[in-house]
Structures are given as C-alpha cells and as structure tokens.
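J.: For reference, this is data00.pdb, and it has PDB, C-alpha atoms and all ligand atoms.
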```pdb
ATOM      1  CA  MET A   1      55.616 124.225 103.581
ATOM      2  CA  GLY A   2      53.431 122.039 101.321
ATOM      3  CA  LYS A   3      50.369 123.140  99.419
ATOM      4  CA  MET A   4      47.856 124.893 101.674
ATOM      5  CA  ILE A   5      44.235 123.843 102.052
ATOM      6  CA  ASP A   6      42.490 127.217 101.912
ATOM      7  CA  ILE A   7      39.669 127.180 104.446
ATOM      8  CA  LEU A   8      39.399 130.975 104.661
ATOM      9  CA  CYS A   9      37.893 132.191 101.371
ATOM     10  CA  SER A  10      39.292 135.242  99.593
ATOM     11  CA  GLY A  11      37.221 138.427  99.469
ATOM     12  CA  HIS A  12      36.889 138.629 103.281
ATOM     13  CA  ALA A  13      36.188 141.809 105.238
ATOM     14  CA  ALA A  14      39.516 142.397 107.035
ATOM     15  CA  CYS A  15      41.082 145.858 106.796
ATOM     16  CA  PRO A  16      43.457 145.708 103.810
ATOM     17  CA  GLY A  17      46.889 144.506 104.971
ATOM     18  CA  CYS A  18      45.736 143.233 108.376
ATOM     19  CA  ILE A  19      47.502 140.059 109.488
ATOM     20  CA  ASP A  20      44.388 138.829 111.347
ATOM     21  CA  ALA A  21      43.287 137.267 108.051
ATOM     22  CA  VAL A  22      46.652 135.800 107.100
ATOM     23  CA  SER A  23      47.027 134.371 110.620
ATOM     24  CA  ALA A  24      43.581 132.756 110.479
ATOM     25  CA  ARG A  25      44.315 131.430 107.010
ATOM     26  CA  HIS A  26      47.407 129.581 108.232
ATOM     27  CA  VAL A  27      45.849 128.373 111.498
ATOM     28  CA  LEU A  28      42.889 126.904 109.625
ATOM     29  CA  ALA A  29      45.053 125.413 106.878
ATOM     30  CA  ALA A  30      47.210 123.676 109.496
ATOM     31  CA  LEU A  31      44.122 122.312 111.251
ATOM     32  CA  GLY A  32      42.547 121.044 108.027
ATOM     33  CA  PRO A  33      38.890 120.577 107.076
ATOM     34  CA  ASP A  34      37.856 118.221 109.902
ATOM     35  CA  CYS A  35      37.243 121.156 112.178
ATOM     36  CA  VAL A  36      34.428 123.323 113.519
ATOM     37  CA  ALA A  37      34.994 126.922 114.598
ATOM     38  CA  VAL A  38      33.447 128.990 117.376
ATOM     39  CA  MET A  39      33.760 132.753 117.161
ATOM     40  CA  PRO A  40      32.682 135.405 119.609
ATOM     41  CA  PRO A  41      32.199 138.958 118.265
ATOM     42  CA  SER A  42      35.615 140.284 117.153
ATOM     43  CA  CYS A  43      37.480 141.276 114.001
ATOM     44  CA  MET A  44      37.662 137.549 113.159
ATOM     45  CA  ALA A  45      33.873 137.270 113.289
ATOM     46  CA  VAL A  46      33.606 140.283 110.962
ATOM     47  CA  ILE A  47      36.197 138.743 108.640
ATOM     48  CA  ALA A  48      34.349 135.413 108.626
ATOM     49  CA  GLY A  49      31.049 137.112 107.787
ATOM     50  CA  PRO A  50      27.623 137.347 109.425
ATOM     51  CA  GLN A  51      25.953 134.235 110.796
ATOM     52  CA  PRO A  52      24.384 132.095 109.279
ATOM     53  CA  PHE A  53      26.766 132.800 106.376
ATOM     54  CA  SER A  54      30.525 132.467 106.588
ATOM     55  CA  GLY A  55      33.615 132.828 104.462
ATOM     56  CA  LEU A  56      35.111 129.704 106.035
ATOM     57  CA  ARG A  57      34.801 126.290 104.402
ATOM     58  CA  ILE A  58      34.061 124.664 107.771
ATOM     59  CA  PRO A  59      31.036 124.970 110.105
ATOM     60  CA  VAL A  60      31.113 128.204 112.126
ATOM     61  CA  TYR A  61      29.118 129.056 115.236
ATOM     62  CA  GLN A  62      29.136 132.688 116.332
ATOM     63  CA  ALA A  63      28.854 132.652 120.134
ATOM     64  CA  SER A  64      28.291 135.581 122.493
ATOM     65  CA  LEU A  65      31.335 137.485 123.732
ATOM     66  CA  GLU A  66      31.026 135.844 127.178
ATOM     67  CA  SER A  67      30.533 132.261 126.116
ATOM     68  CA  ALA A  68      32.907 131.121 123.342
ATOM     69  CA  ALA A  69      34.705 128.515 125.452
ATOM     70  CA  ALA A  70      31.429 127.164 126.882
ATOM     71  CA  SER A  71      29.967 126.905 123.365
ATOM     72  CA  ALA A  72      33.080 125.046 122.240
ATOM     73  CA  CYS A  73      32.708 122.598 125.151
ATOM     74  CA  GLY A  74      29.085 121.942 124.135
ATOM     75  CA  LEU A  75      30.083 121.296 120.526
ATOM     76  CA  ARG A  76      32.876 119.003 121.734
ATOM     77  CA  ARG A  77      30.431 116.891 123.750
ATOM     78  CA  ALA A  78      27.968 116.704 120.837
ATOM     79  CA  LEU A  79      30.693 115.641 118.386
ATOM     80  CA  ASP A  80      32.007 113.025 120.814
ATOM     81  CA  VAL A  81      28.511 111.547 121.233
ATOM     82  CA  ARG A  82      28.351 111.208 117.443
ATOM     83  CA  GLY A  83      31.708 109.435 117.433
ATOM     84  CA  ARG A  84      33.508 112.369 115.796
ATOM     85  CA  THR A  85      36.245 112.403 118.402
ATOM     86  CA  GLU A  86      38.932 113.423 115.904
ATOM     87  CA  THR A  87      37.119 116.576 114.727
ATOM     88  CA  GLN A  88      38.882 119.633 116.117
ATOM     89  CA  VAL A  89      36.812 122.265 117.908
ATOM     90  CA  VAL A  90      38.648 125.556 117.563
ATOM     91  CA  VAL A  91      37.746 128.890 119.132
ATOM     92  CA  LEU A  92      38.882 131.947 117.173
ATOM     93  CA  ALA A  93      38.504 134.849 119.602
ATOM     94  CA  GLY A  94      39.834 138.356 120.207
ATOM     95  CA  ASP A  95      41.676 139.483 123.329
ATOM     96  CA  GLY A  96      38.624 141.347 124.683
ATOM     97  CA  GLY A  97      36.625 138.122 124.409
ATOM     98  CA  THR A  98      39.482 136.170 125.995
ATOM     99  CA  TYR A  99      41.425 138.190 128.572
ATOM    100  CA  ASP A 100      38.284 140.007 129.771
ATOM    101  CA  ILE A 101      34.733 139.067 128.877
ATOM    102  CA  GLY A 102      35.096 135.339 128.163
ATOM    103  CA  LEU A 103      37.744 134.571 130.782
ATOM    104  CA  GLN A 104      35.518 132.908 133.385
ATOM    105  CA  CYS A 105      34.143 130.258 131.038
ATOM    106  CA  LEU A 106      37.572 129.705 129.460
ATOM    107  CA  SER A 107      39.005 129.242 132.957
ATOM    108  CA  SER A 108      36.389 126.637 133.835
ATOM    109  CA  ALA A 109      36.910 124.844 130.489
ATOM    110  CA  ALA A 110      40.664 124.785 131.181
ATOM    111  CA  GLU A 111      40.113 123.525 134.738
ATOM    112  CA  ARG A 112      38.058 120.631 133.284
ATOM    113  CA  ASN A 113      40.766 120.168 130.613
ATOM    114  CA  GLU A 114      38.121 120.205 127.872
ATOM    115  CA  ASN A 115      39.376 118.915 124.556
ATOM    116  CA  ILE A 116      39.334 122.208 122.623
ATOM    117  CA  LEU A 117      41.861 124.430 120.872
ATOM    118  CA  TYR A 118      41.472 128.062 121.872
ATOM    119  CA  VAL A 119      43.189 130.632 119.637
ATOM    120  CA  CYS A 120      43.288 134.248 120.805
ATOM    121  CA  PHE A 121      43.889 136.841 118.080
ATOM    122  CA  ASP A 122      45.507 139.388 120.354
ATOM    123  CA  ASN A 123      45.393 142.874 118.877
ATOM    124  CA  GLU A 124      45.642 144.392 122.363
ATOM    125  CA  GLY A 125      42.289 146.148 122.403
ATOM    126  CA  TYR A 126      38.612 146.082 121.487
ATOM    127  CA  MET A 127      39.351 146.891 117.890
ATOM    128  CA  ASN A 128      36.294 146.186 115.746
ATOM    129  CA  THR A 129      34.272 148.487 118.032
ATOM    130  CA  GLY A 130      36.663 151.407 117.564
ATOM    131  CA  ALA A 131      39.849 150.620 119.519
ATOM    132  CA  GLN A 132      39.057 150.719 123.226
ATOM    133  CA  LYS A 133      41.544 149.332 125.760
ATOM    134  CA  SER A 134      41.358 145.765 127.021
ATOM    135  CA  SER A 135      43.336 144.125 129.812
ATOM    136  CA  SER A 136      45.720 143.001 127.056
ATOM    137  CA  THR A 137      46.596 146.596 126.130
ATOM    138  CA  PRO A 138      50.206 147.256 127.221
ATOM    139  CA  ARG A 139      51.231 150.017 129.598
ATOM    140  CA  TYR A 140      51.350 153.522 128.059
ATOM    141  CA  ALA A 141      49.588 152.509 124.815
ATOM    142  CA  LYS A 142      46.997 155.084 123.759
ATOM    143  CA  THR A 143      43.534 153.770 122.886
ATOM    144  CA  GLY A 144      40.146 155.408 122.409
ATOM    145  CA  SER A 145      39.406 154.901 126.109
ATOM    146  CA  THR A 146      42.958 155.600 127.372
ATOM    147  CA  PRO A 147      43.843 158.726 125.353
ATOM    148  CA  ALA A 148      46.718 159.610 127.713
ATOM    149  CA  GLY A 149      48.097 156.038 127.636
ATOM    150  CA  LYS A 150      47.023 153.025 129.696
ATOM    151  CA  PRO A 151      48.523 153.304 133.184
ATOM    152  CA  THR A 152      48.688 149.567 133.965
ATOM    153  CA  ARG A 153      50.469 146.508 132.578
ATOM    154  CA  LYS A 154      49.253 144.015 129.966
ATOM    155  CA  LYS A 155      47.651 141.015 131.695
ATOM    156  CA  ASN A 156      49.808 137.910 131.335
ATOM    157  CA  PHE A 157      47.257 135.573 129.773
ATOM    158  CA  THR A 158      49.670 132.757 128.859
ATOM    159  CA  GLU A 159      50.767 132.522 132.499
ATOM    160  CA  ILE A 160      47.134 132.459 133.636
ATOM    161  CA  MET A 161      46.454 129.545 131.290
ATOM    162  CA  ALA A 162      49.688 127.801 132.305
ATOM    163  CA  ALA A 163      48.593 128.086 135.941
ATOM    164  CA  HIS A 164      45.598 125.898 134.998
ATOM    165  CA  ARG A 165      48.193 123.249 134.022
ATOM    166  CA  VAL A 166      46.684 122.908 130.547
ATOM    167  CA  PRO A 167      48.624 120.550 128.242
ATOM    168  CA  TYR A 168      49.743 123.374 125.967
ATOM    169  CA  ALA A 169      49.862 127.175 126.136
ATOM    170  CA  ALA A 170      51.981 129.089 123.627
ATOM    171  CA  THR A 171      52.484 132.424 121.922
ATOM    172  CA  ALA A 172      53.023 132.884 118.182
ATOM    173  CA  THR A 173      52.668 135.394 115.390
ATOM    174  CA  ALA A 174      52.422 135.421 111.599
ATOM    175  CA  GLY A 175      55.641 137.465 111.741
ATOM    176  CA  PHE A 176      57.338 134.088 112.361
ATOM    177  CA  LEU A 177      55.118 131.877 110.276
ATOM    178  CA  ARG A 178      56.965 128.560 110.461
ATOM    179  CA  ASP A 179      56.940 128.777 114.246
ATOM    180  CA  LEU A 180      53.210 129.574 114.180
ATOM    181  CA  VAL A 181      52.343 126.642 111.898
ATOM    182  CA  ARG A 182      54.506 124.276 113.952
ATOM    183  CA  LYS A 183      52.664 125.314 117.104
ATOM    184  CA  VAL A 184      49.243 124.799 115.508
ATOM    185  CA  GLU A 185      50.339 121.341 114.343
ATOM    186  CA  LYS A 186      51.670 120.521 117.804
ATOM    187  CA  ALA A 187      48.449 121.741 119.436
ATOM    188  CA  LYS A 188      46.462 119.639 116.969
ATOM    189  CA  SER A 189      48.433 116.518 117.949
ATOM    190  CA  LEU A 190      47.567 116.950 121.658
ATOM    191  CA  ARG A 191      44.307 116.449 123.535
ATOM    192  CA  GLY A 192      42.812 118.581 126.268
ATOM    193  CA  THR A 193      42.715 122.363 126.488
ATOM    194  CA  ARG A 194      45.276 123.928 124.208
ATOM    195  CA  VAL A 195      45.716 127.685 124.050
ATOM    196  CA  LEU A 196      47.547 129.733 121.432
ATOM    197  CA  THR A 197      47.896 133.512 121.589
ATOM    198  CA  LEU A 198      48.730 135.213 118.298
ATOM    199  CA  LEU A 199      49.941 138.820 118.228
ATOM    200  CA  ILE A 200      48.061 140.878 115.620
ATOM    201  CA  PRO A 201      49.204 144.494 115.175
ATOM    202  CA  CYS A 202      45.957 146.408 114.541
ATOM    203  CA  LEU A 203      46.734 148.803 111.702
ATOM    204  CA  ASP A 204      44.110 151.347 112.639
ATOM    205  CA  GLY A 205      44.132 150.906 116.422
ATOM    206  CA  TRP A 206      47.927 150.899 116.815
ATOM    207  CA  GLY A 207      48.716 153.472 114.134
ATOM    208  CA  VAL A 208      50.620 151.109 111.840
ATOM    209  CA  PRO A 209      50.897 151.592 108.029
ATOM    210  CA  GLU A 210      48.996 148.927 106.110
ATOM    211  CA  ASP A 211      52.115 147.285 104.697
ATOM    212  CA  GLN A 212      53.851 147.068 108.101
ATOM    213  CA  GLY A 213      51.766 144.517 110.040
ATOM    214  CA  ILE A 214      54.275 141.686 109.651
ATOM    215  CA  ALA A 215      57.283 143.966 110.291
ATOM    216  CA  VAL A 216      55.741 145.270 113.542
ATOM    217  CA  ALA A 217      54.866 141.726 114.667
ATOM    218  CA  ARG A 218      58.515 140.746 114.099
ATOM    219  CA  LEU A 219      59.752 143.775 116.054
ATOM    220  CA  ALA A 220      57.434 142.834 118.937
ATOM    221  CA  VAL A 221      59.244 139.503 119.202
ATOM    222  CA  GLN A 222      62.759 140.835 118.569
ATOM    223  CA  SER A 223      62.336 143.514 121.248
ATOM    224  CA  GLY A 224      61.081 140.984 123.799
ATOM    225  CA  MET A 225      57.714 142.756 124.140
ATOM    226  CA  PHE A 226      56.028 139.591 122.806
ATOM    227  CA  PRO A 227      58.320 136.610 123.474
ATOM    228  CA  LEU A 228      57.646 133.406 121.560
ATOM    229  CA  TYR A 229      57.384 130.535 124.022
ATOM    230  CA  GLU A 230      55.579 127.337 124.903
ATOM    231  CA  VAL A 231      54.459 125.946 128.252
ATOM    232  CA  GLU A 232      53.593 122.242 128.485
ATOM    233  CA  ASP A 233      51.441 121.001 131.379
ATOM    234  CA  GLY A 234      51.981 124.385 133.031
ATOM    235  CA  LEU A 235      55.525 123.389 133.975
ATOM    236  CA  ARG A 236      57.866 122.881 131.029
ATOM    237  CA  TYR A 237      58.881 126.164 129.418
ATOM    238  CA  THR A 238      60.564 126.455 126.012
ATOM    239  CA  LEU A 239      61.747 129.808 124.687
ATOM    240  CA  ASN A 240      61.607 129.843 120.886
ATOM    241  CA  ASP A 241      63.749 131.783 118.436
ATOM    242  CA  PRO A 242      64.372 134.568 117.849
ATOM    243  CA  PRO A 243      65.689 135.736 121.222
ATOM    244  CA  LYS A 244      65.444 139.316 122.484
ATOM    245  CA  SER A 245      67.925 141.274 120.397
ATOM    246  CA  ARG A 246      66.641 144.857 119.947
ATOM    247  CA  PRO A 247      65.686 147.737 122.254
ATOM    248  CA  VAL A 248      61.959 148.162 122.955
ATOM    249  CA  ARG A 249      62.322 151.696 121.584
ATOM    250  CA  ASP A 250      62.555 150.250 118.037
ATOM    251  CA  TYR A 251      59.224 148.486 118.522
ATOM    252  CA  LEU A 252      57.447 151.362 120.252
ATOM    253  CA  MET A 253      58.518 153.931 117.664
ATOM    254  CA  SER A 254      56.978 151.823 114.881
ATOM    255  CA  GLN A 255      53.476 152.673 116.137
ATOM    256  CA  GLY A 256      51.325 155.772 116.576
ATOM    257  CA  ARG A 257      49.845 154.538 119.873
ATOM    258  CA  TYR A 258      53.151 155.221 121.670
ATOM    259  CA  ARG A 259      53.554 158.707 120.184
ATOM    260  CA  ASN A 260      54.906 161.258 122.707
ATOM    261  CA  LEU A 261      56.344 158.632 125.050
ATOM    262  CA  GLY A 262      59.003 160.249 127.274
ATOM    263  CA  ASP A 263      62.460 158.826 127.993
ATOM    264  CA  ALA A 264      61.472 157.884 131.563
ATOM    265  CA  GLN A 265      58.521 155.852 130.250
ATOM    266  CA  LEU A 266      60.684 154.213 127.591
ATOM    267  CA  ASP A 267      63.222 153.233 130.242
ATOM    268  CA  GLU A 268      60.498 151.868 132.486
ATOM    269  CA  LEU A 269      59.121 149.683 129.675
ATOM    270  CA  GLN A 270      62.627 148.466 128.835
ATOM    271  CA  ARG A 271      63.155 147.482 132.496
ATOM    272  CA  GLU A 272      59.832 145.621 132.573
ATOM    273  CA  VAL A 273      60.650 143.727 129.374
ATOM    274  CA  ASP A 274      64.159 142.850 130.630
ATOM    275  CA  ALA A 275      62.784 141.543 133.927
ATOM    276  CA  ASP A 276      60.046 139.499 132.217
ATOM    277  CA  TRP A 277      62.565 138.062 129.760
ATOM    278  CA  ALA A 278      64.974 137.087 132.571
ATOM    279  CA  ARG A 279      62.111 135.310 134.378
ATOM    280  CA  LEU A 280      61.196 133.378 131.221
ATOM    281  CA  GLU A 281      64.833 132.416 130.631
ATOM    282  CA  GLN A 282      65.091 131.118 134.191
ATOM    283  CA  ARG A 283      61.969 128.989 133.731
ATOM    284  CA  ALA A 284      63.204 127.643 130.383
ATOM    285  CA  GLN A 285      66.605 126.775 131.905
ATOM    286  CA  ALA A 286      64.973 125.094 134.901
ATOM    287  CA  SER A 287      62.777 123.063 132.494
ATOM    288  CA  ALA A 288      65.816 121.967 130.488
ATOM    289  CA  VAL A 289      67.489 120.357 133.534
ATOM    290  CA  GLN A 290      64.326 118.582 134.749
TER     291      GLN A 290
HETATM  292  C1  LIG A 301      28.859 141.458 126.544
HETATM  293  C2  LIG A 301      29.209 142.266 125.339
HETATM  294  N1  LIG A 301      29.747 143.491 125.515
HETATM  295  C3  LIG A 301      30.070 144.249 124.435
HETATM  296  C4  LIG A 301      29.825 143.770 123.172
HETATM  297  C5  LIG A 301      30.191 144.625 121.967
HETATM  298  N2  LIG A 301      31.381 144.140 121.319
HETATM  299  C6  LIG A 301      31.340 143.366 120.218
HETATM  300  S1  LIG A 301      32.839 142.963 119.637
HETATM  301  C7  LIG A 301      33.593 143.842 120.852
HETATM  302  C8  LIG A 301      35.090 143.979 120.879
HETATM  303  C9  LIG A 301      35.761 142.676 121.063
HETATM  304  O1  LIG A 301      37.143 142.904 121.216
HETATM  305  P1  LIG A 301      38.120 141.722 120.981
HETATM  306  O2  LIG A 301      37.597 140.478 121.584
HETATM  307  O3  LIG A 301      39.475 142.134 121.417
HETATM  308  O4  LIG A 301      38.095 141.515 119.393
HETATM  309  P2  LIG A 301      38.689 142.500 118.252
HETATM  310  O5  LIG A 301      37.530 143.291 117.748
HETATM  311  O6  LIG A 301      39.741 143.351 118.846
HETATM  312  O7  LIG A 301      39.220 141.553 117.215
HETATM  313  C10 LIG A 301      32.655 144.440 121.715
HETATM  314  C11 LIG A 301      33.002 145.284 122.869
HETATM  315  C12 LIG A 301      29.262 142.490 123.023
HETATM  316  N3  LIG A 301      29.033 141.951 121.840
HETATM  317  N4  LIG A 301      28.947 141.759 124.119
HETATM  318  S1  LIG A 302      40.401 146.706 113.083
HETATM  319 FE1  LIG A 302      42.601 146.236 113.281
HETATM  320  S2  LIG A 302      42.765 144.044 113.836
HETATM  321 FE2  LIG A 302      40.674 144.458 113.063
HETATM  322  S3  LIG A 302      40.727 143.920 110.875
HETATM  323 FE3  LIG A 302      41.151 146.131 111.034
HETATM  324  S4  LIG A 302      43.405 146.349 111.183
HETATM  325 FE4  LIG A 302      42.845 144.200 111.588
HETATM  326 MG    MG A 303      41.106 142.744 120.316
END
```
Turn the structure described in the file into structure tokens.
T.:
Amino acid sequence: MGKMIDILCSGHAACPGCIDAVSARHVLAALGPDCVAVMPPSCMAVIAGPQPFSGLRIPVYQASLESAAASACGLRRALDVRGRTETQVVVLAGDGGTYDIGLQCLSSAAERNENILYVCFDNEGYMNTGAQKSSSTPRYAKTGSTPAGKPTRKKNFTEIMAAHRVPYAATATAGFLRDLVRKVEKAKSLRGTRVLTLLIPCLDGWGVPEDQGIAVARLAVQSGMFPLYEVEDGLRYTLNDPPKSRPVRDYLMSQGRYRNLGDAQLDELQREVDADWARLEQRAQASAVQ
C-alpha cells in the first residue's frame, strides 16, 4: 500500500487497542479528502469528538441515531446542486444505528439508490452506552441486556441490503486489511447506494484483551462466523479469501461473552455457520456460471 493520507487525527478517544479507530483510519484514507462524513451517535462519533469539533480532517455532521442515511441523502443533494458531484458522502455508523434504529431511513435511501457510501462499524451491540444487545448480536452472546446469552440469531444485514438490489454490499474487517481497502476503493468507484459492514470486536463488550482485536477479527472470518463476501446489484455473489477453515469453537473461546457455553450450544452454532456458509457458496457458484 502507498503512503496513507491520514484523515483521522491521532489522540482520538477510542478505547486503547480498539480496531474501530484503525478501521476508520483506513476507510477514510482510501476515500481521500474529497469527502464529507455523517455520524450518528456511536463509538465512532465518540472517537471523532463532540460536534462542532472533530478529529477528522474532513467536514463531519453528527446526525441523530434514527436519521444518518436521511442526513447523508440531504448532503448529497446539496453537494450535487453545488456541482460537487464527485465528493463522497460517507456514513460512519454503528450496528445499533444501522440494523435497528436507523434501518427505515437507510432502507428508503437504498430503495431510491441514493449516491452514498454507508459504512457500518459492527461491534454487535450498543457499545458506547455500556454494551446492550442489538439485532446484530449473535445467538448466545452475553450482553448487559442479555446476561444469560441472546436467544435469537444475528440479523443478516448484508442480505437485507442486497435484497434492495443496491450496486454494492460487502463485508470486511481490519483483520484482513488489503481486502478492506480494496472494497472501499471499489465502493468509491461505483455510484448509488454502497454498503460496507466492518466487523469490530469490542474489547470491553466482548471480553477481548486489548491486544487481541485484530486476532479475534481474523478468527471470526476463519471460523465462518463473519464471512468476507461481496454482492453486486443484489445478484452477483463473490466469496473472498480466506475460506472457512477453523471450528467456531476457536472463535467463541477467544471471547468472554461466550463464557460457559455448553457443548450443545457450540454444536448448534457450528451447524448454523455451516449451513450459512453452504448457502453463500451456492450463491457464489451460481454467480460464477451466469
Ligand atoms: C433514539 C435514540 N435512542 C437511544 C440513544 C442513546 N444512544 C446513543 S449511542 C447508542 C448506542 C449506539 O449503538 P451502535 O450504533 O451499535 O454504536 P456503538 O456505540 O456500538 O459503536 C445509544 C443507545 C440515542 N442517541 N437515540
Ligand atoms: S466500547 Fe468497544 S467498540 Fe467502542 S471504542 Fe471501546 S472497545 Fe472499541
Ligand atoms: Mg455497536
């Protein structure tokens, strides 16, 4: 990779070791300075600093938790009227603000195919408010509001976005940085609604040591719990490397939130991951012969 343009300033307020900051740093560097950011309340908004100040070297608008996508659409229209059609409008949101509270306005933006890049920093819970569950929290993970483990599955947000037939929906993580940067660059080269979901192991909320964020993100991919893939126009699926190669047990045991998981629950999660992976493989194979 060439020399980075640092848009995220040092001295930010992320928990030490958290890959939220390093992920944002690389996303913003790949987008470059001709960019405006919209942030709903989330760890990213805390990291960026309180409005009207910001630790980003680009304009930042802190939206409400419900309205990030709508705010981005408004900024897009205003920039277009001024002839700044090449300026990227990027939303940097958490999973609570995406999968749950901001989903209706993101869905309508996607249905209109608004020309925005939406990046979800998915730490699988409402983390800056003390680690409550969101609809992105996986089954059996313990959170402040599911102390016995969440009984239901993680919502499949990428599939929901793909069902809108947006030009680009993909998953990525700083654990596989080249893949992440490539996907940001690809998203930047496209127009319309583009959606990237980045897995961010929350050190505090998941019970992960502060030097293990990247390692846990890599295990999430290697175990198949967080497959790296791309969906173009809602139809063409590409599964990215690395493929599923390790048991989910390895991933689950790296985190405090799955402490006390029984063998039956481990087996159930392994079966779910295997079935989801097989479905993705089928879609990728069907796309390859199209
Ligand atoms: C409508 C609304 N409900 C609740 C809040 C309080 N609140 C602020 S940030 C936040 C958590 C957001 O979680 P997420 O989007 O996942 O971001 P994270 O903190 O995990 O990065 C909550 C509940 C709010 N600002 N607005
Ligand atoms: S609360 Fe979690 S996701 Fe947020 S900055 Fe801290 S470690 Fe990172
Ligand atoms: Mg979150």
J.: Take the PyMOL selection byres (((chain A and resi 112) around 10) and not hetatm), run it mentally on this structure, and tell me the resulting residues as number ranges by chain.
T.: A: 73, 106-111, 113-115, 164, 166, 192-193
J.: Could you check how far atom CA of Leu203 of chain A sits from atom CA of Ala24 of chain A, in Å to one decimal?
T.: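 Value for the atom CA of Leu203 of chain A-atom CA of Ala24 of chain A distance: 16.4 Å.
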J.: Quick check on the file I pasted: which residues fall under the PyMOL selection byres (((not hetatm)) within 10 of (chain A and resi 301))? Write them as a VMD selection string.
T.: chain A and resid 20 39 to 47 63 to 67 92 to 102 120 to 137 200 202 205
J.: Between A:Thr152, A:Ser23, A:Gln270, A:Gln104, which residue has the minimum interatomic distance to Gly224 of chain A, considering only C-alpha atoms?
T.: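 Closest candidate: A:Gln270.
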J.: Skip segment 31-38 of chain A itself and residues of its chain fewer than 5 positions away, then list as a list in words all residues within 8 Å of it, counting only C-alpha atoms.
T.: Ile5, Ile7, Arg57, Ile58, Pro59, Val60, Tyr61, Gln62, Ala63, Ala68, Ser71, Ala72, Glu86, Thr87, Gln88, Val89, Val90, Val91, Leu92, Val184, Glu185 and Lys188 of chain A
J.: Excluding same-chain residues fewer than 6 positions from segment 285-287 of chain A, what lies within 12 Å of it counting all atoms listed in the file, as a VMD selection string?
T.: chain A and resid 230 to 239 278 to 279
J.: Nearest to ligand LIG 302 (chain A): which of A:Gln212, A:Ser189, A:Ser223, A:Gln290 is it, counting all atoms listed in the file?
T.: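 Answer, going by the shortest atom-to-atom distance: A:Gln212.
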J.: To one decimal in Å, tell me the separation between atom CA of Arg77 of chain A and atom CA of Ile116 of chain A.
T.: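 For atom CA of Arg77 of chain A relative to atom CA of Ile116 of chain A, the distance reads 10.4 Å.
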J.: Within 8 Å of Asp6 of chain A, counting all atoms listed in the file, which residues show up once you throw out same-chain ones fewer than 6 positions away? Write them as a ChimeraX atom specification, please.
T.: /A:25,28-29
J.: What does the distance between atom CA of Lys244 of chain A and atom CA of Gln222 of chain A come to in Å, to one decimal place?
T.: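 These two atoms are separated by 5.0 Å.
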J.: Which residue gives the smallest distance to ligand MG 303 (chain A) among A:Val208, A:Gly83, A:Pro201, A:Phe157, with only C-alpha atoms and all ligand atoms counted?
T.: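 Using only C-alpha atoms and all ligand atoms, ligand MG 303 (chain A) sits closest to A:Pro201.
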